[in-house]
Every structure is written in structure tokens, then in C-alpha cells.
Amino acid sequence: MALTGFKRLVGRHTEIGILLIAALLIAYFSASSDGRWANAYNIGTILQVTATLGLMTLGVALVIGTGEIDISVGSTFGMGALVYLWLALRVDPTLAVLAALAVGALIGAFNGLVITRTGTPSLIVTLGTLMIFRGLAIALTDGFSFSIPYASRGKFTYWLFGGGDIMGINTAIIWLVLALVILMLVLGATRFGNRLLAVGGSAASAHSRGVRVDRVKLAAFIICGMLASFGGALEAGKLGFADGSMGRLMELQAIASCVLGGCLLAGGQVSLVGALTGVFVLSSIQSYLVVMGVRPQWFMLLLGVIVVGAALGDRVLRQWAIRR
Amino acid sequence: MASTTTPLIQVKNLHLYFGAFHALKDVSVDFRAGELIGLVGDNGAGKTTLIRVLCGIHTPSSGEVWFDGRKVEKFHPKLAIDEGIETIQQSVGLCDNLSIARNFYLGREPVKRILGIPILDFALMREKSTKVIREFGLRDNVSADDEVERLSGGERQSVKIGRAVEFKNRVVIMDEPTNHLSVREREHVNELAVSLKEQGLLVIYITHDIFQVHKLADRIVIMENGEKIEDASTHTMSAEALEEVIRQGGRKVTKKEPV
């Protein structure tokens with residue numbers, strides 16, 4: 001029967017819920033916005049936001065997959081943006097991106113080392129680094145912003161790292177798709193992926209089979225830091241400026257996207273496609289509120305209400321699916 | 001005859017503390033290749049803790065472990081597995097969220113290179129683990145791609161035992177291997193333990209059931225309260241006599257007295 005088949009599909013693939021929610025929202029937003037939401041320009045904007053938040057979210061999904069959490073990514077994103085923009089003025093954007101990646105990797109390594117060496121909960125450690133690097137970003141910019149003059153934005157490499165469009169869509173989307181493909185392969189078909197999911201499922205069992213649990217977690221934090229920082233660099237490339245507040249509260253959106261997308265907060269279950277669909281849903285809601293002229297003061301509240309609603313809907317669907 | 005060869009595993013004056021708790025107290029014991037050892041004792045006697053040192057999960061607080069004539073300097077399950085020590089743990093060993101095939105090869109996943117990238121060899125993983133789970137009598141509708149969480153207690157145990165036997169190398173440690181098993185499956189596991197020993201492996205068999213293991217083992221080691229209290233050949237001590245030792249909790253005065 002078609003219904004039982006669908007039930008099994010929902011039971012096996014945790015991302016079905018968010019895909020359905022995305023489809024419903026797209027239909028509703030398109031129908032109710034008189035073309036203001038569903039047009040090429042607006043969709044392009046949504047995809048650009050999806051790309052930078054999405055890169056961060058992919059990294060967070062890996063860390064959540066190991067059973068840990070990284071809430072410092074918003075600040076890492078900000079650091080990536082500042083490092084990129086400061087250097088892009090002085091050297092080739094490619095080098096600036098590499099430097100941003102290195103900074104992200106260092107922040108991730110710091111988080112990962114403190115967590116695995118001392119056994120301090122990741123929530124506390126990354127809460128600390130969230131504040132440290134936000135503070136550093138604010139101190140570095142000293143209330144001003146870094147910006148790059150229009151004249152210096154002509155280079156191909158500047159275009160490539162978020163500084164331009166391809167068929168109306170920001171080039172950041174290329175990097176998101178690339179990262180998604182690589183990480184899906186890594187997670188599903190490599191030793192590292194198998195061990196990462198094993199660590200999230202049962203760290204004690206993975207350890208007893210000879211998996212170096214600490215190294216797996218450390219690697220996840222480093223990748224997470226790099227992706228968040230890279231997202232920040234692409235965002236800075238798109239805007240042409242960066243200030244100390246870039247990436248603020250994005251960590252919460254990234255975690256919400258992971259959970260909406262079917263990643264288990266306890267670890268061991270990761271859906272990268274689901275998490276990115278979660279990002280798309282969040283960016284779509286935000287953009288809908290903008291084009292519908294909702295006063296910005298209400299954004300947070302409405303976004304929160306819709307997130308809770310979506311999470312409830314997803315839960316109801318999953319419970320229905322596992323009931324026999 | 002076995003006693004003339006150098007022990008494969010030598011434990012010397014081992015102590016282990018968990019915080020203030022003294023879990024292992026001055027344990028010294030030898031294990032030889034080709035022996036089947038019954039490691040017996042009550043709950044909390046330290047049996048599992050001792051073998052968790054041998055398989056690298058716990059690092060001793062003091063004392064030495066020698067493996068094959070070399071002193072063990074670093075303790076990690078990876079190193080133990082590389083040395084050829086396979087362990088069937090009681091409470092850990094399987095990740096519920098992964099498939100049987102992925103669990104089977106966890107930590108030593110086979111790969112093939114595609115364009116130079118090492119990709120898991122799913123065909124091999126599936127084929128080998130399917131063969132083993134069929135041998136160990138899992139339900140016919142269970143496939144190697146099913147997550148372990150779908151298995152019953154007995155099936156989970158069977159997967160762990162099948163895996164240890166498949167990768168058998170030099171030492172197989174079985175911690176309560178017949179828990180959750182039916183009478184017929186229990187028989188099968190006991191036969192396996194004996195056959196591994198006959199192939200020249202060292203088998204350490206942990207159980208509560210002295211009568212069961214007495215029939216299989218060459219030697220019985222009894223632990224109580226973190227200490228070794230008896231180490232005797234099954235030829236010189238009957239199961240009844242050994243049971244009395246456990247009952248007395250190692251109060252050596254009463255044990256030695258002729259009844």
C-alpha cells in the first residue's frame with residue numbers, strides 16, 4: 001500500500017519531514033505574496049543566505065553527529081569574515097580565503113582539544129569561545145567596519161569567493177554544493193565517516209573497537225571551524241564589508257537547521273541534505289517576512305514561532321511513522 | 001606441558017583505582033597460548049575490570065602487563081586489537097545506529113581506492129558479515145544492512161561473537177558470552193570456545209557459572225573484591241570445591257581447612 005510505503009520512507013529517512021515542510025512553505029509563500037517572494041531576485045538572495053549559513057550548518061551537523069555541540073560558530077564566522085576582508089585588500093583573495101580557513105581550523109582545534117583533553121562539556125567550552133572571538137572581533141574593528149573599495153572587487157578570485165553572481169545566484173552556492181557532495185561522500189563511504197557516526201552512536205563501543213574517539217571529535221571540530229570561517233569569508237566577499245557583529249546568532253540558526261533537518265542532538269544520526277533544507281526553510285521564512293513588509297522588530301518572534309511549529313510538525317510526522 | 005612455555009599474557013602486581021575506589025588489588029596472573037581460562041567471581045569481583053585492562057580500555061594505576069614477552073607501555077583498544085586480542089564485551093561493542101556490516105568492521109574498515117580515494121568496500125563488508133550472521137543463526141529476514149537496534153539481545157551477542165571469531169588472532173576474551181542466549185546457542189558458543197583453544201589461541205572465558213566453565217576450561221581463576229583468590233587447574237580442583245571458594249569469598253583460613 002502506498003501509505004505503508006510512505007510510512008517506511010519517513011521512518012528510514014529523517015529528512016522527509018523537513019522536505020515536506022519546505023514544499024508546503026514554498027507553496028504557501030508563493031501563493032500569498034503576489035510574486036514578491038517567488039521571483040528570481042528574491043530566490044537568489046535566499047540561496048546566498050542559504051549558502052553561507054549552510055556551510056556553517058554542515059560543520060555543525062558533523063559535530064552534532066559525534067554527540068558534541070559547537071555554539072561558537074557564529075563568532076568563527078565573524079572572524080573568518082574579518083580575516084578575509086582585511087587580507088583581500090592586501091593580497092590575492094585566494095590567499096585571504098586560505099588564511100580564513102586556517103583561522104577557522106585553529107579555533108576548531110582549540111575547541112576540540114580543550115573538550116577532548118579535559119572532558120569539559122562542549123556546550124561550555126564553545127560558549128566560552130563564542131564570547132572570546134566575538135569580543136576579539138568587536139575589539140579588532142573597534143566600532144568601525146572593514147571594507148573593500150569597489151575598484152578592488154574586479155578580480156576573478158574575488159568574484160569566485162562570494163563577490164559575484166553566476167546566472168543570478170551568488171558564487172557562494174558553488175562552494176556549498178561542493179562541500180555538500182564531499183561531506184556526503186566522507187560521511188557515507190569513508191572510514192572517518194563510519195567512525196564519526198559510531199562515536200555519536202556509542203562512544204564507549206567505538207572506543208572498545210579501537211576507534212580513537214578523541215581524534216574523531218577533534219577532526220569534526222576542526223572541519224566545523226573551517227566551514228564556519230569559510231562561510232564568513234564568502235559573506236564578507238558578497239557584502240564588501242565586515243564589522244564586529246557578523247555572524248551573531250547564526251549559531252542558533254545552524255543548530256535549529258540541523259535539528260529540523262533530522263540530525264539527532266544526541267549524536268549518531270546526521271542528515272546533511274536535511275540540515276541544508278532546514279537552512280533553506282529558515283532563510284525563506286526570513287525573506288518572506290521581509291518581502292511582506294513585516295516590521296523587523298517582529299522577525300525574531302515570528303521566526304521562533306515558525307521554528308517551534310515546524311519542529312512540532314516534524315515530530316508528529318515521525319511518531320506517526322514509527323507507530324505500527 | 002603448557003606451564004613450561006612463556007606466558008602470552010603476564011599480569012604483575014596490577015592495581016587500578018577509579019578515583020578513591022580500589023578496583024583491582026595487586027593482581028598477578030599468567031595466561032598461556034592454547035589455554036582456556038575460566039575467570040570466575042561474583043558481581044563486582046573485578047573480572048570485567050581486569051579484562052578491560054587487557055583489552056586496552058583501562059590503563060592500570062600501577063603494576064605491569066606483559067604481552068608475548070614485551071612490556072605493554074600504552075593501553076588503548078586499538079593497540080590491543082592490533083596485537084591480536086579480540087574481546088567480546090558485555091555492555092559495549094556495538095553501535096545501535098549503524099548497520100551490522102558497519103559494526104562488523106568498525107575500526108578496521110576495508111577500503112578500495114577509487115580515483116585514489118579510499119572508499120569503504122561495501123561489497124566485502126556485506127558479504128563477510130552476512131556469511132557470519134547466517135552461521136550464527138540470526139533470523140532469515142535480518143540483513144547485514146539492518147541497524148543493530150533492530151536485533152534481539154541474543155542476536156546482538158551472536159554478532160559480537162561471530163565478529164571476534166572471524167577476526168580471531170591470538171587471544172579471544174569472552175565476557176559473559178552466553179548471556180541472553182538460548183540453550184542451543186549457548187552450546188554453540190561453548191563449542192566455539194573449545195575449538196578456538198584447540199587452534200592454539202588463548203581463550204579467557206568470564207562467567208558466573210563455575211559448573212558450566214569447569215567443563216570447558218583448563219584452569220579456573222577466581223576473583224573476589226578486586227583480588228585474585230584462587231588459580232587452579234580444573235584437573236586438581238573440582239567445580240564443587242571451587243564453588244566453595246567463591247562462597248567463602250576467599251577467606252583462605254576456612255578454605256584450607258579440611259572438611
# chains A, B, ... in the order shown; residues from 1 in each chain; ligands from 1

$ interface_residues --of "chain A" --to "chain B" --cutoff "12 Å" --atoms "only C-alpha atoms" --output "PyMOL selection string"
chain A and resi 12+65+182+185-213+216+264+266-270

$ select_by_dssp --residues "segment 178-247 of chain B" --states "strand (DSSP E)" --output "ChimeraX atom specification"
/B:202-207,219-224,227-233

$ write_last_selection --atoms "N, CA and C atoms" --output "PDB file, in the first residue's frame"
ATOM      1  N   LEU B 202      44.659 -18.365  22.988  1.00  0.00           N
ATOM      2  CA  LEU B 202      44.340 -18.211  24.399  1.00  0.00           C
ATOM      3  C   LEU B 202      42.892 -17.732  24.496  1.00  0.00           C
ATOM      4  N   VAL B 203      42.096 -18.467  25.258  1.00  0.00           N
ATOM      5  CA  VAL B 203      40.702 -18.065  25.435  1.00  0.00           C
ATOM      6  C   VAL B 203      40.458 -17.765  26.907  1.00  0.00           C
ATOM      7  N   ILE B 204      39.999 -16.550  27.202  1.00  0.00           N
ATOM      8  CA  ILE B 204      39.641 -16.191  28.580  1.00  0.00           C
ATOM      9  C   ILE B 204      38.127 -16.053  28.617  1.00  0.00           C
ATOM     10  N   TYR B 205      37.506 -16.885  29.433  1.00  0.00           N
ATOM     11  CA  TYR B 205      36.056 -17.025  29.432  1.00  0.00           C
ATOM     12  C   TYR B 205      35.550 -16.564  30.789  1.00  0.00           C
ATOM     13  N   ILE B 206      34.809 -15.445  30.790  1.00  0.00           N
ATOM     14  CA  ILE B 206      34.315 -14.905  32.056  1.00  0.00           C
ATOM     15  C   ILE B 206      32.877 -15.349  32.281  1.00  0.00           C
ATOM     16  N   THR B 207      32.579 -15.806  33.458  1.00  0.00           N
ATOM     17  CA  THR B 207      31.216 -16.229  33.748  1.00  0.00           C
ATOM     18  C   THR B 207      30.966 -16.241  35.246  1.00  0.00           C
ATOM     19  N   ARG B 219      41.872 -24.202  33.339  1.00  0.00           N
ATOM     20  CA  ARG B 219      42.275 -23.567  34.583  1.00  0.00           C
ATOM     21  C   ARG B 219      41.188 -22.571  34.973  1.00  0.00           C
ATOM     22  N   ILE B 220      40.985 -22.449  36.281  1.00  0.00           N
ATOM     23  CA  ILE B 220      39.981 -21.505  36.763  1.00  0.00           C
ATOM     24  C   ILE B 220      40.695 -20.453  37.621  1.00  0.00           C
ATOM     25  N   VAL B 221      40.410 -19.185  37.308  1.00  0.00           N
ATOM     26  CA  VAL B 221      40.921 -18.094  38.137  1.00  0.00           C
ATOM     27  C   VAL B 221      39.715 -17.453  38.812  1.00  0.00           C
ATOM     28  N   ILE B 222      39.767 -17.368  40.128  1.00  0.00           N
ATOM     29  CA  ILE B 222      38.631 -16.789  40.843  1.00  0.00           C
ATOM     30  C   ILE B 222      39.021 -15.418  41.393  1.00  0.00           C
ATOM     31  N   MET B 223      38.142 -14.459  41.197  1.00  0.00           N
ATOM     32  CA  MET B 223      38.380 -13.121  41.748  1.00  0.00           C
ATOM     33  C   MET B 223      37.293 -12.783  42.748  1.00  0.00           C
ATOM     34  N   GLU B 224      37.686 -11.955  43.699  1.00  0.00           N
ATOM     35  CA  GLU B 224      36.744 -11.532  44.726  1.00  0.00           C
ATOM     36  C   GLU B 224      37.212 -10.171  45.210  1.00  0.00           C
ATOM     37  N   GLU B 227      40.528  -8.820  44.070  1.00  0.00           N
ATOM     38  CA  GLU B 227      41.737  -9.619  44.252  1.00  0.00           C
ATOM     39  C   GLU B 227      41.583 -10.989  43.598  1.00  0.00           C
ATOM     40  N   LYS B 228      42.722 -11.567  43.217  1.00  0.00           N
ATOM     41  CA  LYS B 228      42.689 -12.948  42.762  1.00  0.00           C
ATOM     42  C   LYS B 228      42.748 -13.823  44.005  1.00  0.00           C
ATOM     43  N   ILE B 229      41.781 -14.723  44.179  1.00  0.00           N
ATOM     44  CA  ILE B 229      41.795 -15.542  45.395  1.00  0.00           C
ATOM     45  C   ILE B 229      42.044 -17.013  45.101  1.00  0.00           C
ATOM     46  N   GLU B 230      41.985 -17.391  43.836  1.00  0.00           N
ATOM     47  CA  GLU B 230      42.250 -18.786  43.515  1.00  0.00           C
ATOM     48  C   GLU B 230      42.711 -18.871  42.070  1.00  0.00           C
ATOM     49  N   ASP B 231      43.605 -19.799  41.812  1.00  0.00           N
ATOM     50  CA  ASP B 231      44.131 -20.006  40.468  1.00  0.00           C
ATOM     51  C   ASP B 231      44.494 -21.475  40.409  1.00  0.00           C
ATOM     52  N   ALA B 232      43.596 -22.316  39.889  1.00  0.00           N
ATOM     53  CA  ALA B 232      43.810 -23.753  39.998  1.00  0.00           C
ATOM     54  C   ALA B 232      43.433 -24.470  38.720  1.00  0.00           C
ATOM     55  N   SER B 233      44.137 -25.552  38.453  1.00  0.00           N
ATOM     56  CA  SER B 233      43.818 -26.371  37.292  1.00  0.00           C
ATOM     57  C   SER B 233      42.510 -27.111  37.549  1.00  0.00           C
TER      58      SER B 233
END

$ residues_around --residues "Glu68 of chain A" --least-positions-apart "6" --cutoff "10 Å" --atoms "only C-alpha atoms" --output "ChimeraX atom specification"
/A:60-62,112,115,121-123,200,217,220-221,265-267

$ select_by_dssp --residues "segment 46-171 of chain B" --states "alpha helix (DSSP H)" --output "short mmCIF file (atom, residue, chain, number, x, y, z; two decimals) with N, CA and C atoms, in the first residue's frame"
data_model
loop_
_atom_site.label_atom_id
_atom_site.label_comp_id
_atom_site.auth_asym_id
_atom_site.auth_seq_id
_atom_site.Cartn_x
_atom_site.Cartn_y
_atom_site.Cartn_z
N LYS B 47 36.38 -8.99 37.61
CA LYS B 47 36.66 -9.78 36.40
C LYS B 47 36.67 -8.89 35.16
N THR B 48 35.57 -8.16 35.00
CA THR B 48 35.44 -7.32 33.81
C THR B 48 36.50 -6.22 33.81
N THR B 49 36.77 -5.68 35.00
CA THR B 49 37.79 -4.63 35.09
C THR B 49 39.15 -5.16 34.65
N LEU B 50 39.47 -6.37 35.09
CA LEU B 50 40.76 -6.97 34.71
C LEU B 50 40.86 -7.14 33.19
N ILE B 51 39.81 -7.68 32.58
CA ILE B 51 39.94 -7.90 31.14
C ILE B 51 39.86 -6.57 30.37
N ARG B 52 39.25 -5.56 30.99
CA ARG B 52 39.24 -4.24 30.32
C ARG B 52 40.63 -3.60 30.33
N VAL B 53 41.46 -4.03 31.26
CA VAL B 53 42.87 -3.61 31.19
C VAL B 53 43.55 -4.37 30.05
N LEU B 54 43.30 -5.67 30.00
CA LEU B 54 43.96 -6.50 28.97
C LEU B 54 43.58 -6.06 27.56
N PRO B 77 42.45 0.33 23.14
CA PRO B 77 41.85 -0.82 22.45
C PRO B 77 42.46 -1.06 21.06
N LYS B 78 42.83 0.04 20.39
CA LYS B 78 43.42 -0.10 19.06
C LYS B 78 44.70 -0.92 19.11
N LEU B 79 45.53 -0.63 20.12
CA LEU B 79 46.80 -1.35 20.24
C LEU B 79 46.56 -2.81 20.56
N ALA B 80 45.59 -3.08 21.46
CA ALA B 80 45.29 -4.45 21.83
C ALA B 80 44.79 -5.23 20.62
N ILE B 81 43.90 -4.61 19.87
CA ILE B 81 43.35 -5.28 18.68
C ILE B 81 44.47 -5.54 17.68
N ASP B 82 45.36 -4.56 17.51
CA ASP B 82 46.49 -4.75 16.59
C ASP B 82 47.40 -5.89 17.03
N GLU B 83 47.47 -6.12 18.36
CA GLU B 83 48.29 -7.22 18.87
C GLU B 83 47.59 -8.57 18.72
N ILE B 100 24.71 -3.74 10.67
CA ILE B 100 25.53 -4.87 11.11
C ILE B 100 26.87 -4.85 10.38
N ALA B 101 26.83 -4.64 9.07
CA ALA B 101 28.07 -4.66 8.29
C ALA B 101 29.04 -3.57 8.76
N ARG B 102 28.50 -2.38 9.05
CA ARG B 102 29.36 -1.28 9.51
C ARG B 102 29.92 -1.55 10.90
N ASN B 103 29.12 -2.17 11.76
CA ASN B 103 29.60 -2.54 13.09
C ASN B 103 30.67 -3.62 13.01
N PHE B 104 30.43 -4.54 12.11
CA PHE B 104 31.32 -5.69 11.99
C PHE B 104 32.76 -5.24 11.75
N PHE B 122 32.03 -1.73 0.44
CA PHE B 122 30.73 -2.19 0.97
C PHE B 122 30.44 -3.64 0.60
N ALA B 123 30.84 -4.04 -0.63
CA ALA B 123 30.53 -5.39 -1.08
C ALA B 123 31.18 -6.41 -0.15
N LEU B 124 32.45 -6.20 0.16
CA LEU B 124 33.17 -7.12 1.04
C LEU B 124 32.57 -7.10 2.45
N MET B 125 32.28 -5.89 2.96
CA MET B 125 31.72 -5.76 4.31
C MET B 125 30.41 -6.52 4.42
N ARG B 126 29.57 -6.36 3.40
CA ARG B 126 28.26 -7.01 3.39
C ARG B 126 28.40 -8.53 3.29
N GLU B 127 29.27 -8.95 2.38
CA GLU B 127 29.40 -10.38 2.09
C GLU B 127 29.91 -11.13 3.33
N LYS B 128 30.99 -10.63 3.92
CA LYS B 128 31.57 -11.30 5.09
C LYS B 128 30.61 -11.31 6.26
N SER B 129 30.00 -10.14 6.54
CA SER B 129 29.15 -10.11 7.73
C SER B 129 27.89 -10.92 7.51
N THR B 130 27.39 -10.99 6.28
CA THR B 130 26.20 -11.82 6.01
C THR B 130 26.54 -13.28 6.28
N LYS B 131 27.69 -13.71 5.81
CA LYS B 131 28.11 -15.09 6.00
C LYS B 131 28.14 -15.42 7.50
N VAL B 132 28.73 -14.52 8.27
CA VAL B 132 28.86 -14.79 9.70
C VAL B 132 27.51 -14.77 10.40
N ILE B 133 26.65 -13.79 10.06
CA ILE B 133 25.37 -13.75 10.79
C ILE B 133 24.50 -14.94 10.41
N ARG B 134 24.66 -15.47 9.22
CA ARG B 134 23.90 -16.68 8.87
C ARG B 134 24.41 -17.86 9.70
N GLU B 135 25.72 -17.99 9.82
CA GLU B 135 26.30 -19.08 10.61
C GLU B 135 25.84 -19.03 12.06
N GLY B 153 18.44 -9.34 21.89
CA GLY B 153 19.63 -9.48 22.74
C GLY B 153 20.53 -10.62 22.29
N GLY B 154 19.93 -11.75 21.97
CA GLY B 154 20.70 -12.92 21.55
C GLY B 154 21.41 -12.67 20.23
N GLU B 155 20.69 -11.99 19.32
CA GLU B 155 21.29 -11.72 18.01
C GLU B 155 22.47 -10.75 18.13
N ARG B 156 22.32 -9.79 19.03
CA ARG B 156 23.43 -8.84 19.23
C ARG B 156 24.65 -9.60 19.74
N GLN B 157 24.41 -10.48 20.70
CA GLN B 157 25.50 -11.26 21.26
C GLN B 157 26.14 -12.11 20.16
N SER B 158 25.30 -12.68 19.30
CA SER B 158 25.81 -13.52 18.22
C SER B 158 26.70 -12.72 17.26
N VAL B 159 26.29 -11.49 17.00
CA VAL B 159 27.10 -10.65 16.10
C VAL B 159 28.48 -10.41 16.72
N LYS B 160 28.50 -10.12 18.02
CA LYS B 160 29.78 -9.85 18.69
C LYS B 160 30.68 -11.09 18.67
N ILE B 161 30.07 -12.24 18.96
CA ILE B 161 30.87 -13.47 19.00
C ILE B 161 31.35 -13.81 17.59
N GLY B 162 30.44 -13.71 16.63
CA GLY B 162 30.81 -14.02 15.25
C GLY B 162 31.96 -13.13 14.78
N ARG B 163 31.90 -11.88 15.17
CA ARG B 163 32.95 -10.92 14.77
C ARG B 163 34.30 -11.31 15.40
N ALA B 164 34.27 -11.63 16.69
CA ALA B 164 35.53 -11.99 17.36
C ALA B 164 36.13 -13.25 16.76
N VAL B 165 35.27 -14.21 16.43
CA VAL B 165 35.77 -15.46 15.87
C VAL B 165 36.31 -15.24 14.46
N GLU B 166 35.61 -14.39 13.72
CA GLU B 166 36.04 -14.11 12.34
C GLU B 166 37.43 -13.46 12.33
#

$ atom_distance --atom1 "atom CA of Ile26 of chain A" --atom2 "atom CA of Gly293 of chain A"
17.8 Å

$ atom_distance --atom1 "atom CA of Ser75 of chain A" --atom2 "atom CA of Gly247 of chain A"
6.2 Å

$ residues_around --residues "segment 20-23 of chain A" --least-positions-apart "6" --cutoff "9 Å" --atoms "only C-alpha atoms" --output "short mmCIF file (atom, residue, chain, number, x, y, z; two decimals) with C-alpha atoms, in the first residue's frame"
data_model
loop_
_atom_site.label_atom_id
_atom_site.label_comp_id
_atom_site.auth_asym_id
_atom_site.auth_seq_id
_atom_site.Cartn_x
_atom_site.Cartn_y
_atom_site.Cartn_z
CA THR A 277 16.82 22.04 3.75
CA GLY A 278 16.42 23.36 7.28
CA PHE A 280 16.68 26.94 3.25
CA VAL A 281 13.46 26.93 5.25
CA SER A 284 12.87 31.50 3.21
CA ALA A 310 7.94 23.18 12.19
CA GLY A 313 5.04 19.10 12.83
CA ASP A 314 8.16 17.09 12.14
#

$ residues_around --residues "Arg32 of chain B" --least-positions-apart "3" --cutoff "9 Å" --atoms "only C-alpha atoms" --output "PyMOL selection string"
chain B and resi 2-3+5-10+35-36+201-202

$ atom_distance --atom1 "atom CA of Met292 of chain A" --atom2 "atom CA of Val177 of chain A"
29.3 Å

$ residues_around --residues "Lys25 of chain B" --least-positions-apart "2" --cutoff "6 Å" --atoms "only C-alpha atoms" --output "list in words"
His15, Val27, Gly226 and Glu227 of chain B

$ write_last_selection --atoms "N, CA, C and O atoms" --output "CSV table (one decimal), in the first residue's frame"
chain,number,residue,atom,x,y,z
B,15,HIS,N,47.4,-2.8,40.0
B,15,HIS,CA,46.5,-2.1,40.8
B,15,HIS,C,45.7,-1.2,39.9
B,15,HIS,O,46.3,-0.6,39.0
B,27,VAL,N,46.9,-7.7,41.6
B,27,VAL,CA,46.5,-8.9,40.8
B,27,VAL,C,47.8,-9.3,40.0
B,27,VAL,O,48.4,-8.5,39.3
B,226,GLY,N,38.1,-7.5,43.9
B,226,GLY,CA,39.3,-6.9,43.3
B,226,GLY,C,40.6,-7.7,43.4
B,226,GLY,O,41.6,-7.2,42.9
B,227,GLU,N,40.5,-8.8,44.1
B,227,GLU,CA,41.7,-9.6,44.3
B,227,GLU,C,41.6,-11.0,43.6
B,227,GLU,O,40.5,-11.5,43.5

$ residues_around --residues "Glu243 of chain B" --least-positions-apart "6" --cutoff "12 Å" --atoms "only C-alpha atoms" --output "VMD selection string"
chain B and resid 40 to 42 208 to 214 220 to 223 230 237 249 to 250 255

$ closest_residue --among "B:Met174, B:Leu24, B:Glu149, B:Ala241" --to "Val189 of chain B" --atoms "only C-alpha atoms"
B:Met174
